[in-house]
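Asker: This is model04.csv, which holds CSV, C-alpha atoms:
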chain,number,residue,atom,x,y,z
A,1,VAL,CA,16.3,46.6,-22.7
A,2,PRO,CA,15.8,46.8,-19.0
A,3,VAL,CA,14.4,43.6,-17.5
A,4,ARG,CA,11.6,43.9,-15.1
A,5,ARG,CA,12.4,42.2,-11.8
A,6,LEU,CA,9.8,39.8,-10.5
A,7,ALA,CA,8.8,39.9,-6.9
A,8,PRO,CA,10.2,37.0,-4.9
A,9,LEU,CA,7.7,34.2,-4.3
A,10,SER,CA,6.8,33.5,-0.7
A,11,GLY,CA,6.2,29.9,0.0
A,12,ARG,CA,3.2,28.6,1.8
A,13,VAL,CA,2.6,25.2,3.3
A,14,TYR,CA,-0.8,23.6,4.0
A,15,GLY,CA,-1.8,21.2,6.8
A,16,ARG,CA,-3.4,19.0,4.2
A,17,ARG,CA,0.1,18.1,2.9
A,18,TRP,CA,0.3,15.4,5.6
A,19,LEU,CA,-2.9,13.8,4.4
A,20,VAL,CA,-1.6,13.7,0.9
A,21,LEU,CA,1.6,12.2,2.1
A,22,LEU,CA,-0.3,9.6,4.2
A,23,LEU,CA,-2.4,8.5,1.2
A,24,PHE,CA,0.6,8.2,-1.1
A,25,SER,CA,2.6,6.4,1.6
A,26,LEU,CA,-0.2,3.9,2.2
A,27,LEU,CA,-0.4,3.3,-1.5
A,28,GLY,CA,3.3,2.5,-1.6
A,29,PHE,CA,3.0,0.3,1.5
A,30,ALA,CA,0.2,-1.7,-0.2
A,31,GLN,CA,2.2,-2.1,-3.4
A,32,GLY,CA,5.2,-3.4,-1.6
A,33,LEU,CA,3.0,-5.8,0.5
A,34,VAL,CA,1.4,-7.3,-2.6
A,35,TRP,CA,4.6,-7.6,-4.5
A,36,ASN,CA,6.3,-9.5,-1.7
A,37,SER,CA,3.4,-11.8,-0.9
A,38,TRP,CA,4.8,-15.0,-2.2
A,39,GLY,CA,8.5,-15.1,-1.4
A,40,PRO,CA,8.1,-15.4,2.4
A,41,ILE,CA,5.5,-18.2,2.1
A,42,GLN,CA,7.1,-20.0,-0.9
A,43,ASN,CA,7.1,-23.4,0.7
A,44,SER,CA,3.4,-23.1,1.6
A,45,ALA,CA,2.5,-21.8,-1.9
A,46,ARG,CA,4.3,-24.7,-3.5
A,47,LEU,CA,2.1,-27.1,-1.6
A,48,ALA,CA,-1.2,-25.3,-1.9
A,49,PHE,CA,-1.1,-24.1,-5.6
A,50,GLY,CA,1.6,-26.4,-7.1
A,51,PHE,CA,4.0,-23.6,-7.6
A,52,SER,CA,7.6,-24.5,-8.7
A,53,GLY,CA,10.8,-22.7,-7.8
A,54,TRP,CA,10.5,-21.1,-11.3
A,55,ASP,CA,7.0,-19.8,-10.4
A,56,ILE,CA,8.2,-18.3,-7.1
A,57,ALA,CA,11.1,-16.4,-8.7
A,58,LEU,CA,8.8,-15.2,-11.6
A,59,LEU,CA,6.2,-13.9,-9.1
A,60,VAL,CA,8.9,-11.7,-7.6
A,61,PHE,CA,10.3,-11.0,-11.1
A,62,TRP,CA,7.0,-9.3,-12.2
A,63,GLY,CA,8.0,-6.3,-10.1
A,64,PRO,CA,11.0,-5.3,-12.2
A,65,ILE,CA,9.1,-6.3,-15.4
A,66,GLY,CA,6.4,-3.8,-14.4
A,67,PHE,CA,9.0,-1.1,-14.8
A,68,ALA,CA,9.0,-1.5,-18.6
A,69,PRO,CA,6.5,1.3,-19.1
A,70,CYS,CA,8.3,3.4,-16.5
A,71,PHE,CA,8.9,6.3,-18.9
A,72,PHE,CA,5.2,6.5,-19.7
A,73,PHE,CA,4.3,7.0,-16.0
A,74,MET,CA,7.0,9.6,-15.7
A,75,TRP,CA,5.6,11.5,-18.7
A,76,LEU,CA,2.1,11.2,-17.3
A,77,MET,CA,3.2,12.6,-13.9
A,78,ASP,CA,5.1,15.5,-15.6
A,79,LYS,CA,2.1,16.4,-17.9
A,80,LYS,CA,-1.0,15.5,-16.0
A,81,GLY,CA,0.1,15.8,-12.4
A,82,LEU,CA,0.0,13.6,-9.3
A,83,ARG,CA,-3.8,12.9,-9.1
A,84,VAL,CA,-4.2,11.3,-12.5
A,85,THR,CA,-1.1,9.2,-12.1
A,86,VAL,CA,-2.0,8.1,-8.6
A,87,LEU,CA,-5.5,7.1,-9.6
A,88,LEU,CA,-4.3,5.1,-12.6
A,89,THR,CA,-1.7,3.4,-10.4
A,90,SER,CA,-4.2,2.5,-7.7
A,91,SER,CA,-6.7,1.2,-10.2
A,92,LEU,CA,-4.1,-1.1,-11.6
A,93,MET,CA,-3.4,-2.3,-8.1
A,94,VAL,CA,-7.1,-3.0,-7.4
A,95,LEU,CA,-7.4,-4.9,-10.6
A,96,GLY,CA,-4.3,-6.9,-9.9
A,97,ALA,CA,-5.2,-7.7,-6.3
A,98,GLY,CA,-8.7,-8.7,-7.5
A,99,LEU,CA,-7.4,-11.1,-10.1
A,100,ARG,CA,-5.4,-13.0,-7.5
A,101,CYS,CA,-8.7,-13.6,-5.5
A,102,VAL,CA,-10.8,-15.1,-8.4
A,103,PRO,CA,-12.0,-18.5,-7.0
A,104,VAL,CA,-11.1,-20.9,-9.9
A,105,SER,CA,-10.8,-24.6,-9.1
A,106,ASP,CA,-8.4,-25.3,-12.0
A,107,LEU,CA,-5.0,-24.8,-10.5
A,108,GLU,CA,-3.4,-23.9,-13.9
A,109,ILE,CA,-5.9,-21.1,-14.6
A,110,ARG,CA,-5.5,-19.9,-11.0
A,111,LYS,CA,-1.8,-19.7,-11.3
A,112,LYS,CA,-2.1,-17.7,-14.5
A,113,LEU,CA,-4.5,-15.3,-12.7
A,114,ILE,CA,-2.1,-14.9,-9.8
A,115,HIS,CA,0.8,-14.2,-12.2
A,116,GLY,CA,-1.4,-11.6,-14.1
A,117,GLY,CA,-2.3,-9.9,-10.8
A,118,GLN,CA,1.4,-9.7,-9.8
A,119,LEU,CA,2.2,-8.1,-13.2
A,120,LEU,CA,-0.5,-5.4,-12.8
A,121,ASN,CA,0.8,-4.7,-9.3
A,122,GLY,CA,4.3,-4.4,-10.7
A,123,LEU,CA,3.0,-1.8,-13.2
A,124,ALA,CA,2.2,0.4,-10.1
A,125,GLY,CA,5.9,0.3,-9.1
A,126,PRO,CA,7.1,3.2,-11.2
A,127,THR,CA,4.7,5.6,-9.5
A,128,VAL,CA,5.1,4.6,-5.9
A,129,MET,CA,8.9,4.4,-6.2
A,130,ASN,CA,9.5,7.5,-8.4
A,131,ALA,CA,7.0,10.1,-7.2
A,132,ALA,CA,8.2,10.7,-3.7
A,133,PRO,CA,10.6,13.5,-4.4
A,134,PHE,CA,8.1,15.1,-6.8
A,135,LEU,CA,5.4,15.0,-4.0
A,136,SER,CA,7.8,16.4,-1.4
A,137,THR,CA,8.9,19.3,-3.6
A,138,THR,CA,5.3,20.1,-4.6
A,139,TRP,CA,3.8,20.1,-1.1
A,140,PHE,CA,6.6,20.6,1.5
A,141,SER,CA,8.9,23.4,2.5
A,142,PRO,CA,12.7,22.9,1.9
A,143,ASP,CA,13.4,22.1,5.6
A,144,GLU,CA,10.8,19.3,5.4
A,145,ARG,CA,11.5,17.9,2.0
A,146,ALA,CA,14.1,15.2,2.8
A,147,THR,CA,11.8,13.9,5.6
A,148,ALA,CA,8.8,13.8,3.4
A,149,THR,CA,10.8,12.0,0.7
A,150,ALA,CA,12.0,9.4,3.2
A,151,ILE,CA,8.5,8.7,4.5
A,152,ALA,CA,7.0,8.4,1.0
A,153,SER,CA,9.7,6.3,-0.5
A,154,LEU,CA,10.5,4.0,2.5
A,155,LEU,CA,6.8,3.0,3.2
A,156,ASN,CA,7.0,0.9,0.0
A,157,TYR,CA,9.9,-1.0,1.6
A,158,LEU,CA,8.0,-1.2,4.8
A,159,GLY,CA,5.1,-2.9,2.9
A,160,ALA,CA,7.6,-5.5,1.6
A,161,ALA,CA,8.7,-6.0,5.2
A,162,GLY,CA,5.1,-6.4,6.3
A,163,ALA,CA,4.8,-9.4,3.9
A,164,PHE,CA,7.7,-11.0,5.7
A,165,LEU,CA,5.8,-10.7,9.0
A,166,VAL,CA,2.2,-11.3,7.9
A,167,GLY,CA,2.7,-14.3,5.5
A,168,PRO,CA,4.7,-16.7,7.8
A,169,LEU,CA,2.5,-15.8,10.8
A,170,VAL,CA,-0.9,-16.3,9.1
A,171,VAL,CA,0.0,-19.1,6.7
A,172,PRO,CA,1.2,-22.4,8.3
A,173,SER,CA,4.5,-23.7,7.0
A,174,PRO,CA,4.4,-27.2,5.6
A,175,ASN,CA,7.4,-28.3,7.7
A,176,GLY,CA,5.6,-29.0,10.9
A,177,THR,CA,3.3,-26.3,12.2
A,178,SER,CA,0.3,-28.5,11.8
A,179,HIS,CA,-0.4,-31.7,13.8
A,180,LEU,CA,-1.9,-33.3,10.6
A,181,PRO,CA,0.3,-35.3,8.3
A,182,LEU,CA,2.0,-33.1,5.7
A,183,ALA,CA,0.7,-35.0,2.7
A,184,SER,CA,-3.0,-35.1,3.9
A,185,GLN,CA,-5.6,-33.3,1.9
A,186,SER,CA,-7.0,-31.4,5.0
A,187,SER,CA,-3.5,-29.9,5.7
A,188,THR,CA,-3.1,-28.7,2.1
A,189,GLU,CA,-6.6,-27.2,2.1
A,190,HIS,CA,-6.0,-25.5,5.4
A,191,ILE,CA,-2.8,-23.8,4.0
A,192,LYS,CA,-4.6,-22.8,0.9
A,193,ASP,CA,-7.5,-21.3,2.8
A,194,ARG,CA,-5.0,-19.2,4.9
A,195,ILE,CA,-3.3,-18.0,1.8
A,196,GLU,CA,-6.6,-17.0,0.2
A,197,ALA,CA,-7.5,-15.1,3.4
A,198,VAL,CA,-4.3,-13.1,3.1
A,199,LEU,CA,-5.1,-12.4,-0.6
A,200,TYR,CA,-8.7,-11.2,0.3
A,201,ALA,CA,-7.3,-9.0,3.0
A,202,GLU,CA,-4.8,-7.4,0.7
A,203,PHE,CA,-7.5,-6.8,-1.9
A,204,GLY,CA,-9.7,-5.1,0.7
A,205,MET,CA,-6.8,-2.8,1.8
A,206,VAL,CA,-5.9,-1.8,-1.8
A,207,SER,CA,-9.6,-1.1,-2.6
A,208,LEU,CA,-9.9,1.1,0.5
A,209,ILE,CA,-6.8,3.2,-0.4
A,210,PHE,CA,-8.1,3.6,-4.0
A,211,SER,CA,-11.4,4.8,-2.7
A,212,ALA,CA,-9.7,7.4,-0.4
A,213,ALA,CA,-7.5,8.6,-3.2
A,214,LEU,CA,-10.5,8.9,-5.5
A,215,ALA,CA,-12.3,11.0,-2.9
A,216,TYR,CA,-9.4,13.3,-2.2
A,217,PHE,CA,-5.9,13.5,-3.7
A,218,PRO,CA,-5.2,16.9,-5.3
A,219,SER,CA,-2.4,17.3,-7.8
A,220,ARG,CA,-0.8,20.4,-6.1
A,221,PRO,CA,-1.6,23.0,-3.5
A,222,PRO,CA,-3.2,26.4,-4.4
A,223,PHE,CA,0.2,28.1,-3.8
A,224,PRO,CA,3.6,26.5,-4.0
A,225,PRO,CA,5.6,25.9,-0.8
A,226,SER,CA,8.9,27.2,-2.2
A,227,VAL,CA,10.5,28.9,-5.1
A,228,ALA,CA,11.8,25.6,-6.4
A,229,ALA,CA,8.3,24.2,-6.5
A,230,ALA,CA,7.1,27.2,-8.5
A,231,SER,CA,10.0,27.4,-10.9
A,232,GLN,CA,9.8,26.3,-14.6
A,233,ARG,CA,11.3,22.9,-15.2
A,234,LEU,CA,12.9,21.4,-18.3
A,235,SER,CA,10.8,19.7,-20.9
A,236,TYR,CA,10.6,15.9,-21.1
A,237,ARG,CA,13.0,15.6,-24.0
A,238,ARG,CA,15.5,18.1,-22.7
A,239,SER,CA,15.5,16.4,-19.3
A,240,PHE,CA,16.6,13.1,-20.7
A,241,CYS,CA,19.4,14.8,-22.7
A,242,ARG,CA,20.5,16.6,-19.6
A,243,LEU,CA,20.5,13.4,-17.5
A,244,LEU,CA,22.4,11.2,-20.0
A,245,SER,CA,25.0,13.9,-20.6
A,246,ASN,CA,25.7,14.4,-16.8
A,247,PHE,CA,28.6,12.1,-15.9
A,248,ARG,CA,28.2,12.9,-12.2
A,249,PHE,CA,24.6,11.9,-12.2
A,250,LEU,CA,25.3,8.7,-14.0
A,251,MET,CA,27.9,7.7,-11.5
A,252,ILE,CA,25.5,8.4,-8.6
A,253,ALA,CA,22.8,6.5,-10.4
A,254,LEU,CA,25.0,3.4,-10.7
A,255,ALA,CA,26.0,3.7,-7.0
A,256,TYR,CA,22.3,3.6,-6.2
A,257,ALA,CA,21.0,1.1,-8.7
A,258,ILE,CA,23.5,-1.8,-8.3
A,259,PRO,CA,23.4,-2.4,-4.5
A,260,LEU,CA,19.7,-1.4,-4.0
A,261,GLY,CA,18.5,-3.4,-7.1
A,262,VAL,CA,20.4,-6.6,-6.2
A,263,PHE,CA,19.4,-6.3,-2.5
A,264,SER,CA,15.7,-5.8,-3.3
A,265,GLY,CA,15.5,-8.9,-5.5
A,266,TRP,CA,17.6,-10.9,-3.0
A,267,SER,CA,15.3,-9.9,-0.2
A,268,GLY,CA,12.2,-11.0,-2.2
A,269,VAL,CA,13.5,-14.6,-2.5
A,270,LEU,CA,15.3,-14.7,0.8
A,271,ASP,CA,13.3,-17.8,2.0
A,272,LEU,CA,14.1,-19.6,-1.2
A,273,ILE,CA,17.8,-18.8,-0.7
A,274,LEU,CA,18.0,-19.8,3.0
A,275,THR,CA,15.9,-23.0,2.7
A,276,PRO,CA,19.0,-25.1,1.7
A,277,VAL,CA,20.8,-24.2,4.9
A,278,HIS,CA,17.8,-25.3,7.0
A,279,VAL,CA,16.5,-21.9,7.9
A,280,SER,CA,12.7,-22.1,8.6
A,281,GLN,CA,10.1,-20.0,6.7
A,282,VAL,CA,9.3,-18.0,9.9
A,283,ASP,CA,13.0,-17.3,10.7
A,284,ALA,CA,13.6,-16.1,7.1
A,285,GLY,CA,10.5,-13.9,7.4
A,286,TRP,CA,11.7,-12.3,10.6
A,287,ILE,CA,15.2,-11.7,9.1
A,288,GLY,CA,13.7,-10.0,6.1
A,289,PHE,CA,11.2,-8.0,8.2
A,290,TRP,CA,13.8,-6.5,10.7
A,291,SER,CA,16.3,-5.8,7.9
A,292,ILE,CA,13.8,-3.6,6.1
A,293,VAL,CA,12.1,-2.1,9.2
A,294,GLY,CA,15.5,-1.1,10.6
A,295,GLY,CA,16.4,0.5,7.3
A,296,CYS,CA,13.2,2.5,7.2
A,297,VAL,CA,13.6,3.8,10.8
A,298,VAL,CA,17.3,4.7,10.3
A,299,GLY,CA,16.5,6.2,6.8
A,300,ILE,CA,13.8,8.6,8.2
A,301,ALA,CA,16.2,9.6,11.0
A,302,MET,CA,19.0,10.2,8.5
A,303,ALA,CA,16.7,12.2,6.2
A,304,ARG,CA,15.6,14.4,9.2
A,305,PHE,CA,19.3,15.0,9.9
A,306,ALA,CA,20.0,15.8,6.3
A,307,ASP,CA,17.2,18.5,6.4
A,308,PHE,CA,19.4,20.5,8.7
A,309,ILE,CA,22.8,19.7,7.2
A,310,ARG,CA,22.5,19.9,3.4
A,311,GLY,CA,26.2,19.7,2.6
A,312,MET,CA,26.9,16.2,4.0
A,313,LEU,CA,24.8,14.0,1.7
A,314,LYS,CA,27.9,12.4,0.1
A,315,PHE,CA,29.6,11.8,3.4
A,316,ILE,CA,26.5,10.1,4.8
A,317,LEU,CA,26.2,7.9,1.8
A,318,LEU,CA,29.8,6.8,2.0
A,319,LEU,CA,29.3,5.8,5.7
A,320,LEU,CA,26.2,3.8,4.9
A,321,LEU,CA,27.7,2.0,1.9
A,322,SER,CA,30.8,1.2,3.9
A,323,GLY,CA,28.7,-0.4,6.6
A,324,ALA,CA,26.7,-2.3,3.9
A,325,THR,CA,29.9,-3.6,2.4
A,326,LEU,CA,31.2,-5.0,5.8
A,327,ALA,CA,27.8,-6.6,6.6
A,328,SER,CA,27.5,-8.3,3.2
A,329,THR,CA,31.1,-9.6,3.5
A,330,TRP,CA,30.3,-11.0,6.9
A,331,PHE,CA,27.2,-12.8,5.6
A,332,THR,CA,29.1,-14.2,2.6
A,333,LEU,CA,32.0,-15.5,4.7
A,334,THR,CA,29.6,-17.0,7.2
A,335,CYS,CA,27.8,-19.0,4.4
A,336,LEU,CA,31.0,-20.3,3.0
A,337,THR,CA,31.4,-22.7,5.9
A,338,SER,CA,33.5,-25.2,3.9
A,339,VAL,CA,36.1,-22.5,3.2
A,340,THR,CA,36.1,-20.1,6.2
A,341,HIS,CA,35.0,-22.5,8.9
A,342,LEU,CA,33.0,-19.6,10.5
A,343,PRO,CA,29.9,-20.8,12.5
A,344,LEU,CA,26.6,-20.5,10.6
A,345,THR,CA,24.1,-19.8,13.3
A,346,THR,CA,20.7,-18.0,13.5
A,347,ALA,CA,22.3,-15.2,15.4
A,348,THR,CA,24.9,-14.5,12.7
A,349,LEU,CA,22.3,-14.7,10.0
A,350,TYR,CA,20.0,-12.3,11.8
A,351,THR,CA,22.7,-9.8,12.6
A,352,SER,CA,24.4,-9.7,9.2
A,353,CYS,CA,21.2,-9.6,7.1
A,354,ILE,CA,19.6,-6.9,9.4
A,355,LEU,CA,22.7,-4.7,9.3
A,356,LEU,CA,22.9,-5.0,5.5
A,357,GLY,CA,19.2,-4.0,5.2
A,358,ILE,CA,19.6,-1.1,7.6
A,359,PHE,CA,22.6,0.3,5.8
A,360,LEU,CA,21.2,0.0,2.3
A,361,ASN,CA,17.6,0.9,2.8
A,362,SER,CA,18.4,3.9,4.9
A,363,SER,CA,20.4,5.3,2.0
A,364,VAL,CA,17.4,5.6,-0.3
A,365,PRO,CA,16.1,9.0,0.7
A,366,ILE,CA,19.6,10.4,0.9
A,367,PHE,CA,20.2,9.2,-2.7
A,368,PHE,CA,17.0,10.8,-3.9
A,369,GLU,CA,17.9,14.2,-2.4
A,370,LEU,CA,21.3,14.0,-4.0
A,371,PHE,CA,19.8,13.2,-7.4
A,372,VAL,CA,17.4,16.1,-7.2
A,373,GLU,CA,20.1,18.6,-6.2
A,374,THR,CA,22.5,17.3,-8.8
A,375,VAL,CA,20.3,17.7,-11.9
A,376,TYR,CA,18.0,20.6,-11.0
A,377,PRO,CA,15.9,21.9,-12.8
A,378,VAL,CA,15.1,18.4,-14.3
A,379,PRO,CA,11.7,17.3,-12.9
A,380,GLU,CA,12.0,15.1,-9.9
A,381,GLY,CA,9.7,12.4,-11.4
A,382,ILE,CA,11.9,12.0,-14.4
A,383,THR,CA,15.1,11.9,-12.4
A,384,CYS,CA,14.0,9.3,-10.0
A,385,GLY,CA,12.3,7.4,-12.7
A,386,VAL,CA,15.6,6.9,-14.5
A,387,VAL,CA,17.4,5.7,-11.4
A,388,THR,CA,14.7,3.3,-10.2
A,389,PHE,CA,14.5,1.9,-13.8
A,390,LEU,CA,18.2,1.2,-13.6
A,391,SER,CA,17.7,-0.3,-10.1
A,392,ASN,CA,15.0,-2.7,-11.4
A,393,VAL,CA,17.2,-3.6,-14.4
A,394,PHE,CA,19.8,-5.0,-11.9
A,395,MET,CA,17.1,-6.6,-9.8
A,396,GLY,CA,15.8,-8.2,-13.0
A,397,VAL,CA,19.2,-9.6,-13.9
A,398,LEU,CA,19.4,-11.3,-10.5
A,399,LEU,CA,15.8,-12.7,-10.6
A,400,PHE,CA,16.2,-13.7,-14.3
A,401,PHE,CA,19.2,-15.8,-13.2
A,402,LEU,CA,17.2,-17.3,-10.3
A,403,THR,CA,14.2,-18.0,-12.5
A,404,PHE,CA,16.3,-20.5,-14.5
A,405,TYR,CA,18.7,-21.6,-11.8
A,406,HIS,CA,16.2,-22.1,-8.9
A,407,THR,CA,17.6,-25.1,-7.1
Since I need it in another form, could you write the structure as structure tokens?

Answerer:
Amino acid sequence: VPVRRLAPLSGRVYGRRWLVLLLFSLLGFAQGLVWNSWGPIQNSARLAFGFSGWDIALLVFWGPIGFAPCFFFMWLMDKKGLRVTVLLTSSLMVLGAGLRCVPVSDLEIRKKLIHGGQLLNGLAGPTVMNAAPFLSTTWFSPDERATATAIASLLNYLGAAGAFLVGPLVVPSPNGTSHLPLASQSSTEHIKDRIEAVLYAEFGMVSLIFSAALAYFPSRPPFPPSVAAASQRLSYRRSFCRLLSNFRFLMIALAYAIPLGVFSGWSGVLDLILTPVHVSQVDAGWIGFWSIVGGCVVGIAMARFADFIRGMLKFILLLLLSGATLASTWFTLTCLTSVTHLPLTTATLYTSCILLGIFLNSSVPIFFELFVETVYPVPEGITCGVVTFLSNVFMGVLLFFLTFYHT
């Protein structure tokens, strides 16, 4: 039987795609900021709210725990579209940020509310970390897709970097920024007031983003931007079978999940790790900030470069991971002062940590593009959901260890 040929689809892009990208990126920025609120100010939080090292590690641990219903959010995005998924995600973030601001005098109840708020914010992680390739394919032309993926995915990391900057600059450190004695009630109350000011500001920002998404965040444009966006994708069940049976995809997924998962968890408790070597809260915050910001800037530049040279994704990743290996080796040898006798200075800590963050974080959008190309026509949300779930498993292993071994 002769098959009727379909007319080729002509893609069309809309100017509003940048507004959609901005709203989604701001949502990811806010989620990363709220998730990383406590690690950079862990010394101040211990004094103001009576947190222990176990509490600090658990507050960061709620991020990977929030990925437990990851596959539900992937199914929701595949079946209901971006708008429903984004509105549900942002409403969880508003509720979580609000719980952290409830003014309760009992410190035990307040700590439980803060932990609950962090968990709700962690439940938003699957969407803000998985939906970037889906959004870029739905709204952007092929020659803009990697750039849009980079912006949407890396703004979440930039939010975590913002916490390294905002927390230590707004909240006084208990190790000498105040002229009052450390143990005095007025000093403790002052630190607590500054922490609560940060919590209220984050709640206001999350509420504003939710209101904007509620007012305008369409699921898809009237006409698709490319043939790939208009093509029929595999079903939810067939997609998982295709992914789990694709050996090449599984190898790339492990290459992404192990270094990125461990580094994300390690960054979240960087102040806790560097405190024993007498690195101040502010210095640890600046180290974390510049390592992530550098990775975001280089990552967007790399993604723009990859938009023009599609066949070099593997080569770019090999270069980035080689640089990350050298930087992490340098940091490790520097910290083993009793064995290597290398000097442990602020300059070496800054340089090695920032280089490590630049090399690893800038690889995220390149990995996402490689995933999508490897397993097409599996939906982008399902593909990235599986790999980010694996990444959070490895992050959870690290934080689980630190939760019980927090000295």

Asker: Skip Arg194 (chain A) itself and residues of its chain fewer than 5 positions away, then list as a list in words all residues within 8 Å of it, counting all atoms listed in the file.

Answerer: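 Final neighbour list, sorted by chain and number: Val170, Val171 and Pro172 of chain A.
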
Asker: Need to verify the contact set: region 215-221 of chain A, 6 Å, all atoms listed in the file, exclusion of same-chain residues closer than 3 positions in sequence. Can you return it as a PyMOL selection string?

Answerer: chain A and resi 81-83+212

Asker: At what distance in Å, to one decimal, does CA of Phe73 (chain A) lie from CA of Leu135 (chain A)?

Answerer: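 These two atoms are separated by 14.5 Å.
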
Asker: Would you give me, as CSV, each residue of region 254-300 of chain A having an atom within 8 Å of an atom of region 388-405 of chain A, along with its shortest atom pair and that distance in Å to one decimal, using all atoms listed in the file and sorting by chain and residue number?

Answerer:
residue,atom,partner,partner_atom,distance
A:Leu254,CA,A:Leu390,CA,7.7
A:Tyr256,CA,A:Ser391,CA,7.2
A:Ala257,CA,A:Ser391,CA,3.8
A:Ile258,CA,A:Phe394,CA,6.1
A:Leu260,CA,A:Ser391,CA,6.5
A:Gly261,CA,A:Ser391,CA,4.4
A:Val262,CA,A:Met395,CA,4.9
A:Phe263,CA,A:Met395,CA,7.7
A:Ser264,CA,A:Met395,CA,6.7
A:Gly265,CA,A:Met395,CA,5.1
A:Trp266,CA,A:Leu398,CA,7.7

Asker: Have a look at CA of Gly96 (chain A) and CA of Asp193 (chain A) and let me know their distance in Å, one decimal.

Answerer: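 That distance, rounded to one decimal, is 19.5 Å.
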
Asker: I'd like the neighbourhood of region 164-168 of chain A as a VMD selection string, where a residue qualifies if any of its atoms comes within 7 Å (using only C-alpha atoms), though same-chain residues fewer than 3 positions away should be ignored.

Answerer: chain A and resid 37 40 to 41 160 to 161 171 to 172 281 to 282 285 to 286 288 to 289

Asker: If you count only C-alpha atoms, which residues fall within 8 Å of region 327-344 of chain A, apart from same-chain ones fewer than 3 positions away, as a CSV table (one decimal) with C-alpha atoms, keeping the file's coordinate frame?

Answerer:
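Saved as around02.csv:
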chain,number,residue,atom,x,y,z
A,323,GLY,CA,28.7,-0.4,6.6
A,324,ALA,CA,26.7,-2.3,3.9
A,348,THR,CA,24.9,-14.5,12.7
A,349,LEU,CA,22.3,-14.7,10.0
A,352,SER,CA,24.4,-9.7,9.2
A,353,CYS,CA,21.2,-9.6,7.1
A,355,LEU,CA,22.7,-4.7,9.3
A,356,LEU,CA,22.9,-5.0,5.5

Asker: Provide region 115-119 of chain A rebuilt to all heavy atoms, formatted as a tab-separated table (two decimals), keeping the file's coordinate frame.

Answerer:
chain	number	residue	atom	x	y	z
A	115	HIS	N	-0.34	-14.80	-11.52
A	115	HIS	CA	0.80	-14.20	-12.20
A	115	HIS	C	0.32	-12.84	-12.88
A	115	HIS	O	1.05	-11.84	-12.85
A	115	HIS	CB	1.33	-15.11	-13.31
A	115	HIS	CG	2.27	-16.15	-12.78
A	115	HIS	ND1	3.55	-15.84	-12.37
A	115	HIS	CD2	2.14	-17.48	-12.60
A	115	HIS	CE1	4.17	-16.94	-11.96
A	115	HIS	NE2	3.33	-17.95	-12.09
A	116	GLY	N	-0.89	-12.85	-13.47
A	116	GLY	CA	-1.40	-11.60	-14.10
A	116	GLY	C	-1.63	-10.52	-13.02
A	116	GLY	O	-1.34	-9.35	-13.27
A	117	GLY	N	-2.12	-10.91	-11.85
A	117	GLY	CA	-2.30	-9.90	-10.80
A	117	GLY	C	-0.99	-9.35	-10.30
A	117	GLY	O	-0.89	-8.14	-10.03
A	118	GLN	N	0.04	-10.20	-10.21
A	118	GLN	CA	1.40	-9.70	-9.80
A	118	GLN	C	1.93	-8.73	-10.84
A	118	GLN	O	2.60	-7.75	-10.49
A	118	GLN	CB	2.31	-10.86	-9.58
A	118	GLN	CG	1.99	-11.73	-8.38
A	118	GLN	CD	2.09	-10.98	-7.06
A	118	GLN	OE1	1.12	-10.83	-6.34
A	118	GLN	NE2	3.29	-10.50	-6.73
A	119	LEU	N	1.68	-9.00	-12.12
A	119	LEU	CA	2.20	-8.10	-13.20
A	119	LEU	C	1.49	-6.73	-13.07
A	119	LEU	O	2.16	-5.69	-13.17
A	119	LEU	CB	1.92	-8.72	-14.55
A	119	LEU	CG	2.22	-7.81	-15.75
A	119	LEU	CD1	3.68	-7.38	-15.75
A	119	LEU	CD2	1.85	-8.51	-17.05
